[in-house]
Structures are given as structure tokens and as C-alpha cells.
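A.B. asks: The structure under discussion is supplied below as C-alpha cells; questions concerning it will follow.
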Amino acid sequence: MKVLVTGANGYLGSGVINCLVRDNVQVVATDFSGENVNEKAEFIQADLFEVDDPAAFFGKPDVLLHMAWRDGFVHNSESHIGDLPRHVAFIQKMMKGGIQKIAVMGSMHEIGFFEGCITEHTPCWPQSNYGIAKNALRSETQLLAAQNNVIFQWLRGYYIVGNTEHGCSIFSKITAAEKEGKETFPFTMGQNQFDFLEYDLFCEQVAATVEQDEVIGIVNICSGRPERLCDRVERFISDNGYKIRLNYGEFPDRPYDSKAVWGASDKIAEIMRNKK
């Protein structure tokens, strides 16, 4: 199996590549720079959207793992809508070039405001530019895959827990604030419940999903259970030995954040069982 990973130098891309390489998968990695990319992967610097024949340019990979995305944590950035047709055009070119399978990184923000367990059949009513663009890309890619007899996987990601300061998640921001010596961190009341997954396990689930063809379609990359935001953040602070304290109630909840939401884990559980 030869897998092309886009967005390879990013926080998620680099971690997923480490897992693929560990599993002896041949990886072609591409991004604007490659300082974070595993040296066992073949790195090709490129602007995806400017390549006329990407399948040939990247050495005819068997699988495309498309993780490239701008402003993922800036949910109402105009780039999400502006870049959408360019993502679609790139995927169309890969299909014309003979790609056999396409897996794309999605997001639970495609769903919009929802309470309860998200399955592959849960209707999507996204309420941010990010969610709208991801949902549209999912629908278009799924349609194109069916028309071109290409295996399709949509990797719907949930909330990632990691202790790097490089990133825009709340955990990254708390880590950065701790390293800067700040004593408090502005916070909501933290009562919303989300599906949290450790960074390493998140990357392992993505890699395991791409490495097999038995479970396809929408796959939740998740833990399968909800946890209050305040509980998970307090545990994160404690586990890492941080001294910083949360300043509760300084920020309101975002209006499009669900009160309690988590992913159905049946498909990812099957994938991880089969890998063992």
C-alpha cells in the first residue's frame, strides 16, 4: 500500500504518518514544509492546488489521505468556503489519475447543534463556515467516489487532547499559558460534554482506518463517551503537573456547541479489534 498524506507537516498529519510508518506503510507526504515529517516517509514539497496531475506528480499512490486544511480552529474564517472548490478539484484530479481509495479528515462540527450520540446517519446542520465547508466536501467526495468506483472513507474527528503548545485547541492554549508562567486561564463554566480522545490514540485510529478496506464510509474517530469539559481540562492540568488555574465563567459557551455530544464508536471499535 502506498499512501499519499496531504497536510503532512501539521499537528495531525505528522502524528498519523508516524503511525503509518510504524506499520510499514509506504508513505508519500506533502505540505508546504516538512520539518515535522517522519524521515522514513518520502516528502514532496508542493502546493496541492497548483499541481495539474497530482496522481502522477506524487508517484501514483494507491490511497489518498487528505488532511490538508487551513484555519481549522478558526471556525468562521472565510478561507473555508473559499478553499472548498479547490479541495474538490484536487480530489477530482486524483480520481481521474486512478486513485483506488480516498480517505478525508472530517469533523464533528459538520453536524452542527446536536445532543446525543452521533452516528453515520445523523443529519448535518452545520453552523459555522468550517462545518459547512467540511460537510459539503464530504457530500461531494462521497458522490464522486460512487461515480468513479473509488473506496470512500470519511474520518469524522472529535476533540483531541494533547500537551503540545503548538496548536489552537484549549489544551494547547493551556500548555502555552503554563509555559509562559501564567497563573490563571480564562474559561467558560465548562459544563458542556464532549467526546475527547488522546492525541496518540487519535492518530492510531486514523492510521488503522486507512490501512483497511472492510469498514468504509463515515467512521467516527472518537472515544464513544461524553465527558464534561471542566472535568477533562482539570484532569489534563493535573496529569501534566501544571500549576495554572482555570478562571471559570470568563467566557460564554459558543452558541453552536452542543450540551452533550459524542460519537458512535462501533465502527472504529471493529477496526481496532481487527488490527490486533
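Residues are referred to by chain and number: the chain letter is A, B, ... according to the order shown in the C-alpha cells, the number counts from 1 in that chain, and ligands are numbered separately from 1 in the order shown.
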Near range 12-17 of chain A, counting only C-alpha atoms, which residues have an atom at most 7 Å away, once you skip same-chain residues fewer than 2 positions from it, shown as a list in words?
C.D. replies: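 That gives Gly7, Ala8, Asn9, Gly10, Cys19, Leu20, Val21, Asn36, Val37, Asn38, Met67, Cys203, Glu204, Val206 and Ala207 of chain A.
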A.B. asks: Go ahead and dump the residues you just picked, N, CA, C and O atoms, as a PDB file, in the first residue's frame.
C.D. replies:
ATOM      1  N   GLY A   7      -1.265  17.678   3.967  1.00  0.00           N
ATOM      2  CA  GLY A   7      -1.236  18.313   5.278  1.00  0.00           C
ATOM      3  C   GLY A   7      -0.275  17.595   6.203  1.00  0.00           C
ATOM      4  O   GLY A   7      -0.459  17.534   7.420  1.00  0.00           O
ATOM      5  N   ALA A   8       0.798  17.045   5.622  1.00  0.00           N
ATOM      6  CA  ALA A   8       1.689  16.120   6.325  1.00  0.00           C
ATOM      7  C   ALA A   8       2.482  16.769   7.449  1.00  0.00           C
ATOM      8  O   ALA A   8       2.892  16.086   8.395  1.00  0.00           O
ATOM      9  N   ASN A   9       2.716  18.065   7.367  1.00  0.00           N
ATOM     10  CA  ASN A   9       3.549  18.733   8.371  1.00  0.00           C
ATOM     11  C   ASN A   9       2.744  19.250   9.553  1.00  0.00           C
ATOM     12  O   ASN A   9       3.311  19.770  10.511  1.00  0.00           O
ATOM     13  N   GLY A  10       1.427  19.100   9.494  1.00  0.00           N
ATOM     14  CA  GLY A  10       0.576  19.618  10.545  1.00  0.00           C
ATOM     15  C   GLY A  10       0.569  18.749  11.789  1.00  0.00           C
ATOM     16  O   GLY A  10       1.149  17.657  11.833  1.00  0.00           O
ATOM     17  N   CYS A  19       2.406   6.822  12.729  1.00  0.00           N
ATOM     18  CA  CYS A  19       1.711   5.549  12.904  1.00  0.00           C
ATOM     19  C   CYS A  19       1.769   4.700  11.641  1.00  0.00           C
ATOM     20  O   CYS A  19       1.989   3.479  11.706  1.00  0.00           O
ATOM     21  N   LEU A  20       1.570   5.314  10.481  1.00  0.00           N
ATOM     22  CA  LEU A  20       1.622   4.580   9.219  1.00  0.00           C
ATOM     23  C   LEU A  20       3.010   3.987   8.985  1.00  0.00           C
ATOM     24  O   LEU A  20       3.151   2.818   8.589  1.00  0.00           O
ATOM     25  N   VAL A  21       4.041   4.795   9.219  1.00  0.00           N
ATOM     26  CA  VAL A  21       5.416   4.333   9.037  1.00  0.00           C
ATOM     27  C   VAL A  21       5.724   3.181   9.987  1.00  0.00           C
ATOM     28  O   VAL A  21       6.358   2.190   9.608  1.00  0.00           O
ATOM     29  N   ASN A  36       8.443  18.572  10.320  1.00  0.00           N
ATOM     30  CA  ASN A  36       7.842  17.683  11.317  1.00  0.00           C
ATOM     31  C   ASN A  36       7.520  16.296  10.766  1.00  0.00           C
ATOM     32  O   ASN A  36       6.950  15.464  11.478  1.00  0.00           O
ATOM     33  N   VAL A  37       7.880  16.041   9.521  1.00  0.00           N
ATOM     34  CA  VAL A  37       7.516  14.789   8.865  1.00  0.00           C
ATOM     35  C   VAL A  37       8.559  13.706   9.142  1.00  0.00           C
ATOM     36  O   VAL A  37       9.761  13.949   9.041  1.00  0.00           O
ATOM     37  N   ASN A  38       8.084  12.526   9.481  1.00  0.00           N
ATOM     38  CA  ASN A  38       8.953  11.375   9.736  1.00  0.00           C
ATOM     39  C   ASN A  38       9.912  11.161   8.565  1.00  0.00           C
ATOM     40  O   ASN A  38       9.500  11.143   7.408  1.00  0.00           O
ATOM     41  N   MET A  67      -5.662  15.377   4.492  1.00  0.00           N
ATOM     42  CA  MET A  67      -5.768  16.040   5.786  1.00  0.00           C
ATOM     43  C   MET A  67      -5.481  17.536   5.695  1.00  0.00           C
ATOM     44  O   MET A  67      -5.615  18.254   6.683  1.00  0.00           O
ATOM     45  N   CYS A 203      -4.423   9.512  16.363  1.00  0.00           N
ATOM     46  CA  CYS A 203      -3.584   9.221  15.193  1.00  0.00           C
ATOM     47  C   CYS A 203      -3.603   7.732  14.862  1.00  0.00           C
ATOM     48  O   CYS A 203      -3.643   7.343  13.685  1.00  0.00           O
ATOM     49  N   GLU A 204      -3.591   6.880  15.886  1.00  0.00           N
ATOM     50  CA  GLU A 204      -3.639   5.432  15.666  1.00  0.00           C
ATOM     51  C   GLU A 204      -4.954   5.017  15.007  1.00  0.00           C
ATOM     52  O   GLU A 204      -4.966   4.164  14.116  1.00  0.00           O
ATOM     53  N   VAL A 206      -6.900   6.886  13.062  1.00  0.00           N
ATOM     54  CA  VAL A 206      -6.892   7.335  11.668  1.00  0.00           C
ATOM     55  C   VAL A 206      -6.066   6.383  10.820  1.00  0.00           C
ATOM     56  O   VAL A 206      -6.498   5.941   9.747  1.00  0.00           O
ATOM     57  N   ALA A 207      -4.862   6.062  11.270  1.00  0.00           N
ATOM     58  CA  ALA A 207      -3.984   5.173  10.512  1.00  0.00           C
ATOM     59  C   ALA A 207      -4.612   3.797  10.329  1.00  0.00           C
ATOM     60  O   ALA A 207      -4.608   3.231   9.221  1.00  0.00           O
TER      61      ALA A 207
END
A.B. asks: Taking 6 positions as the minimum chain separation for residues in the same chain, which residues sit within 12 Å of Met272 in chain A when counting only C-alpha atoms? Answer as a list in words.
C.D. replies: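 Within the cut-off, the hits are Leu201, Phe202, Glu204, Gln205, Val206, Ala207, Ala208, Thr209, Val210, Glu211, Gln212, Glu214, Val215, Val219, Ile221, Cys222, Ser223, Ser265 and Asp266 of chain A.
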A.B. asks: Generate the output file for the selected residues, all heavy atoms, as a tab-separated table (two decimals), in the first residue's frame.
C.D. replies:
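See result18.tsv below for the written result:
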chain	number	residue	atom	x	y	z
A	201	LEU	N	-3.81	8.18	20.42
A	201	LEU	CA	-4.86	7.25	20.04
A	201	LEU	C	-5.64	7.76	18.83
A	201	LEU	O	-6.05	6.98	17.96
A	201	LEU	CB	-5.80	7.00	21.22
A	201	LEU	CG	-6.93	5.99	20.99
A	201	LEU	CD1	-6.39	4.66	20.49
A	201	LEU	CD2	-7.74	5.79	22.27
A	202	PHE	N	-5.84	9.07	18.77
A	202	PHE	CA	-6.50	9.67	17.60
A	202	PHE	C	-5.73	9.31	16.33
A	202	PHE	O	-6.31	8.84	15.34
A	202	PHE	CB	-6.57	11.19	17.77
A	202	PHE	CG	-7.40	11.90	16.74
A	202	PHE	CD1	-8.70	12.28	17.02
A	202	PHE	CD2	-6.88	12.20	15.49
A	202	PHE	CE1	-9.48	12.93	16.07
A	202	PHE	CE2	-7.64	12.85	14.53
A	202	PHE	CZ	-8.94	13.22	14.82
A	204	GLU	N	-3.59	6.88	15.89
A	204	GLU	CA	-3.64	5.43	15.67
A	204	GLU	C	-4.95	5.02	15.01
A	204	GLU	O	-4.97	4.16	14.12
A	204	GLU	CB	-3.47	4.69	17.00
A	204	GLU	CG	-2.06	4.75	17.58
A	204	GLU	CD	-1.98	4.10	18.94
A	204	GLU	OE1	-2.97	3.43	19.34
A	204	GLU	OE2	-0.95	4.27	19.62
A	205	GLN	N	-6.05	5.63	15.43
A	205	GLN	CA	-7.35	5.29	14.85
A	205	GLN	C	-7.43	5.71	13.38
A	205	GLN	O	-7.95	4.96	12.54
A	205	GLN	CB	-8.47	5.95	15.65
A	205	GLN	CG	-8.71	5.32	17.01
A	205	GLN	CD	-9.98	5.83	17.68
A	205	GLN	OE1	-10.74	6.61	17.09
A	205	GLN	NE2	-10.24	5.38	18.89
A	206	VAL	N	-6.90	6.89	13.06
A	206	VAL	CA	-6.89	7.33	11.67
A	206	VAL	C	-6.07	6.38	10.82
A	206	VAL	O	-6.50	5.94	9.75
A	206	VAL	CB	-6.35	8.77	11.56
A	206	VAL	CG1	-6.13	9.15	10.10
A	206	VAL	CG2	-7.32	9.76	12.21
A	207	ALA	N	-4.86	6.06	11.27
A	207	ALA	CA	-3.98	5.17	10.51
A	207	ALA	C	-4.61	3.80	10.33
A	207	ALA	O	-4.61	3.23	9.22
A	207	ALA	CB	-2.63	5.05	11.21
A	208	ALA	N	-5.18	3.24	11.39
A	208	ALA	CA	-5.79	1.91	11.33
A	208	ALA	C	-6.96	1.89	10.35
A	208	ALA	O	-7.17	0.91	9.62
A	208	ALA	CB	-6.25	1.47	12.71
A	209	THR	N	-7.74	2.97	10.31
A	209	THR	CA	-8.88	3.05	9.40
A	209	THR	C	-8.42	3.04	7.95
A	209	THR	O	-8.96	2.32	7.11
A	209	THR	CB	-9.72	4.30	9.69
A	209	THR	OG1	-10.17	4.27	11.05
A	209	THR	CG2	-10.93	4.38	8.77
A	210	VAL	N	-7.40	3.82	7.66
A	210	VAL	CA	-6.89	3.93	6.29
A	210	VAL	C	-6.22	2.64	5.83
A	210	VAL	O	-6.26	2.31	4.63
A	210	VAL	CB	-5.90	5.11	6.21
A	210	VAL	CG1	-5.21	5.15	4.86
A	210	VAL	CG2	-6.62	6.43	6.46
A	211	GLU	N	-5.66	1.90	6.75
A	211	GLU	CA	-4.91	0.69	6.40
A	211	GLU	C	-5.80	-0.50	6.04
A	211	GLU	O	-5.30	-1.53	5.60
A	211	GLU	CB	-3.99	0.28	7.57
A	211	GLU	CG	-2.83	1.24	7.78
A	211	GLU	CD	-2.08	1.00	9.07
A	211	GLU	OE1	-2.38	0.00	9.77
A	211	GLU	OE2	-1.21	1.81	9.40
A	212	GLN	N	-7.12	-0.37	6.21
A	212	GLN	CA	-8.03	-1.47	5.91
A	212	GLN	C	-9.19	-0.99	5.04
A	212	GLN	O	-9.47	0.20	4.96
A	212	GLN	CB	-8.56	-2.09	7.21
A	212	GLN	CG	-9.27	-1.13	8.15
A	212	GLN	CD	-10.71	-0.87	7.77
A	212	GLN	OE1	-11.49	-1.81	7.58
A	212	GLN	NE2	-11.09	0.41	7.68
A	214	GLU	N	-12.29	-2.97	4.93
A	214	GLU	CA	-13.52	-3.66	5.30
A	214	GLU	C	-14.56	-2.70	5.85
A	214	GLU	O	-15.76	-2.84	5.58
A	214	GLU	CB	-13.21	-4.74	6.34
A	214	GLU	CG	-12.30	-5.85	5.83
A	214	GLU	CD	-12.91	-6.61	4.67
A	214	GLU	OE1	-14.12	-6.90	4.73
A	214	GLU	OE2	-12.17	-6.91	3.70
A	215	VAL	N	-14.13	-1.72	6.64
A	215	VAL	CA	-15.04	-0.74	7.24
A	215	VAL	C	-14.84	0.58	6.49
A	215	VAL	O	-13.76	1.17	6.55
A	215	VAL	CB	-14.76	-0.55	8.74
A	215	VAL	CG1	-15.73	0.47	9.34
A	215	VAL	CG2	-14.88	-1.90	9.46
A	219	VAL	N	-16.60	7.13	9.42
A	219	VAL	CA	-16.07	6.46	10.60
A	219	VAL	C	-15.76	7.52	11.64
A	219	VAL	O	-14.99	8.46	11.38
A	219	VAL	CB	-14.78	5.67	10.27
A	219	VAL	CG1	-14.22	5.03	11.54
A	219	VAL	CG2	-15.05	4.62	9.20
A	221	ILE	N	-13.83	9.01	14.54
A	221	ILE	CA	-12.55	8.89	15.24
A	221	ILE	C	-12.81	9.46	16.63
A	221	ILE	O	-12.77	10.66	16.85
A	221	ILE	CB	-11.44	9.66	14.51
A	221	ILE	CG1	-11.39	9.22	13.03
A	221	ILE	CG2	-10.09	9.45	15.18
A	221	ILE	CD1	-11.11	7.75	12.81
A	222	CYS	N	-13.07	8.56	17.58
A	222	CYS	CA	-13.65	9.02	18.84
A	222	CYS	C	-13.41	8.02	19.97
A	222	CYS	O	-12.93	6.90	19.75
A	222	CYS	CB	-15.15	9.23	18.65
A	222	CYS	SG	-16.07	7.70	18.37
A	223	SER	N	-13.82	8.42	21.18
A	223	SER	CA	-13.78	7.53	22.33
A	223	SER	C	-15.11	6.81	22.52
A	223	SER	O	-15.16	5.75	23.13
A	223	SER	CB	-13.45	8.33	23.60
A	223	SER	OG	-14.54	9.17	23.97
A	265	SER	N	-19.09	4.59	18.50
A	265	SER	CA	-17.75	4.01	18.35
A	265	SER	C	-17.75	2.59	17.79
A	265	SER	O	-16.72	1.92	17.80
A	265	SER	CB	-17.04	4.02	19.70
A	265	SER	OG	-17.77	3.26	20.65
A	266	ASP	N	-18.90	2.12	17.28
A	266	ASP	CA	-18.97	0.73	16.83
A	266	ASP	C	-18.02	0.44	15.67
A	266	ASP	O	-17.34	-0.59	15.66
A	266	ASP	CB	-20.41	0.37	16.45
A	266	ASP	CG	-21.04	1.35	15.48
A	266	ASP	OD1	-20.60	2.51	15.42
A	266	ASP	OD2	-21.99	0.96	14.77
A.B. asks: Looking at only C-alpha atoms, which of A:Ala46, A:Ile174, A:Met1, A:Leu84 is the one that sits closest to Gln100 in chain A?
C.D. replies: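 Residue with the minimum atom-to-atom distance to Gln100 in chain A: A:Met1.
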A.B. asks: Quick one: distance from CA of Leu229 in chain A to CA of Asn76 in chain A in Å, one decimal?
C.D. replies: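 It comes out at 22.0 Å.
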A.B. asks: Between CA of Tyr242 in chain A and CA of Gly181 in chain A, what is the spacing in Å?
C.D. replies: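 These atoms are spaced 10.0 Å apart.
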A.B. asks: I need the alpha helix (DSSP H) residues of range 48-200 of chain A per DSSP on the backbone, written as a PyMOL selection string.
C.D. replies: chain A and resi 54-57+79-96+129-147+170-179+199-200
A.B. asks: So that I can check the surroundings of range 104-121 of chain A, please list as number ranges by chain every protein, DNA and RNA residue that reaches within 7 Å of it, counting only C-alpha atoms and ignoring chain neighbours fewer than 2 positions away.
C.D. replies: A: 65-67, 102, 123-127, 131-132, 134-135, 153-158, 218, 256-264
A.B. asks: For range 198-200 of chain A, list every protein, DNA or RNA residue within 6 Å, evaluated using only C-alpha atoms, and leave out those in the same chain fewer than 6 positions away; present the list as a list in words.
C.D. replies: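 Residues near the query, excluding close chain neighbours: Ile160, Val161 and Gly162 of chain A.
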A.B. asks: Export N, CA and C atoms of the chosen residues as a PDB file, in the first residue's frame?
C.D. replies:
ATOM      1  N   ILE A 160      -9.524  16.479  20.420  1.00  0.00           N
ATOM      2  CA  ILE A 160      -8.209  15.884  20.635  1.00  0.00           C
ATOM      3  C   ILE A 160      -7.552  16.476  21.875  1.00  0.00           C
ATOM      4  N   VAL A 161      -6.976  15.601  22.696  1.00  0.00           N
ATOM      5  CA  VAL A 161      -6.260  16.017  23.900  1.00  0.00           C
ATOM      6  C   VAL A 161      -4.767  15.776  23.685  1.00  0.00           C
ATOM      7  N   GLY A 162      -3.976  16.851  23.761  1.00  0.00           N
ATOM      8  CA  GLY A 162      -2.532  16.735  23.614  1.00  0.00           C
ATOM      9  C   GLY A 162      -1.841  17.864  24.342  1.00  0.00           C
TER      10      GLY A 162
END
A.B. asks: Mind checking DSSP for range 74-264 of chain A and telling me the strand (DSSP E or B) residues as a PyMOL selection string?
C.D. replies: chain A and resi 101-107+112+116-118+125+151-157+159-161+184-186+193-194+196-198+217-221+227-228+245-247+260-263
A.B. asks: Here is a test: counting only C-alpha atoms, which residue of A:Ser128, A:Ser33, A:Gln92, A:Ser79 is nearest to Gln142 in chain A?
C.D. replies: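 Of the candidates, the smallest distance to Gln142 in chain A is held by A:Gln92.
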A.B. asks: Choose the residue, out of A:Phe251, A:Phe49, A:Phe73, A:Phe236, that has the smallest atom-to-atom separation from Met189 in chain A; count only C-alpha atoms.
C.D. replies: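 Using only C-alpha atoms, Met189 in chain A sits closest to A:Phe251.
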A.B. asks: Please, what distance in Å, to one decimal, runs between CA of Glu250 in chain A and CA of Ile170 in chain A?
C.D. replies: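 The value is 14.2 Å.
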A.B. asks: For Val150 in chain A, work out the shell of residues within 7 Å, counting only C-alpha atoms and skipping chain neighbours fewer than 3 positions away, then give it as a list in words.
C.D. replies: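 Answer for this query is Gln100, Lys101, Ala145 and Ala146 of chain A.
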A.B. asks: Generate the output file for the selected residues, C-alpha atoms, as a compact mmCIF listing (two decimals), in the first residue's frame.
C.D. replies:
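Saved the output as result.txt:
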# COMPACT_ATOMS: atom_id res chain seq x y z
CA GLN A 100 -8.23 3.48 -5.71
CA LYS A 101 -9.26 4.84 -2.33
CA ALA A 145 -16.32 8.19 -5.20
CA ALA A 146 -19.55 6.38 -6.06
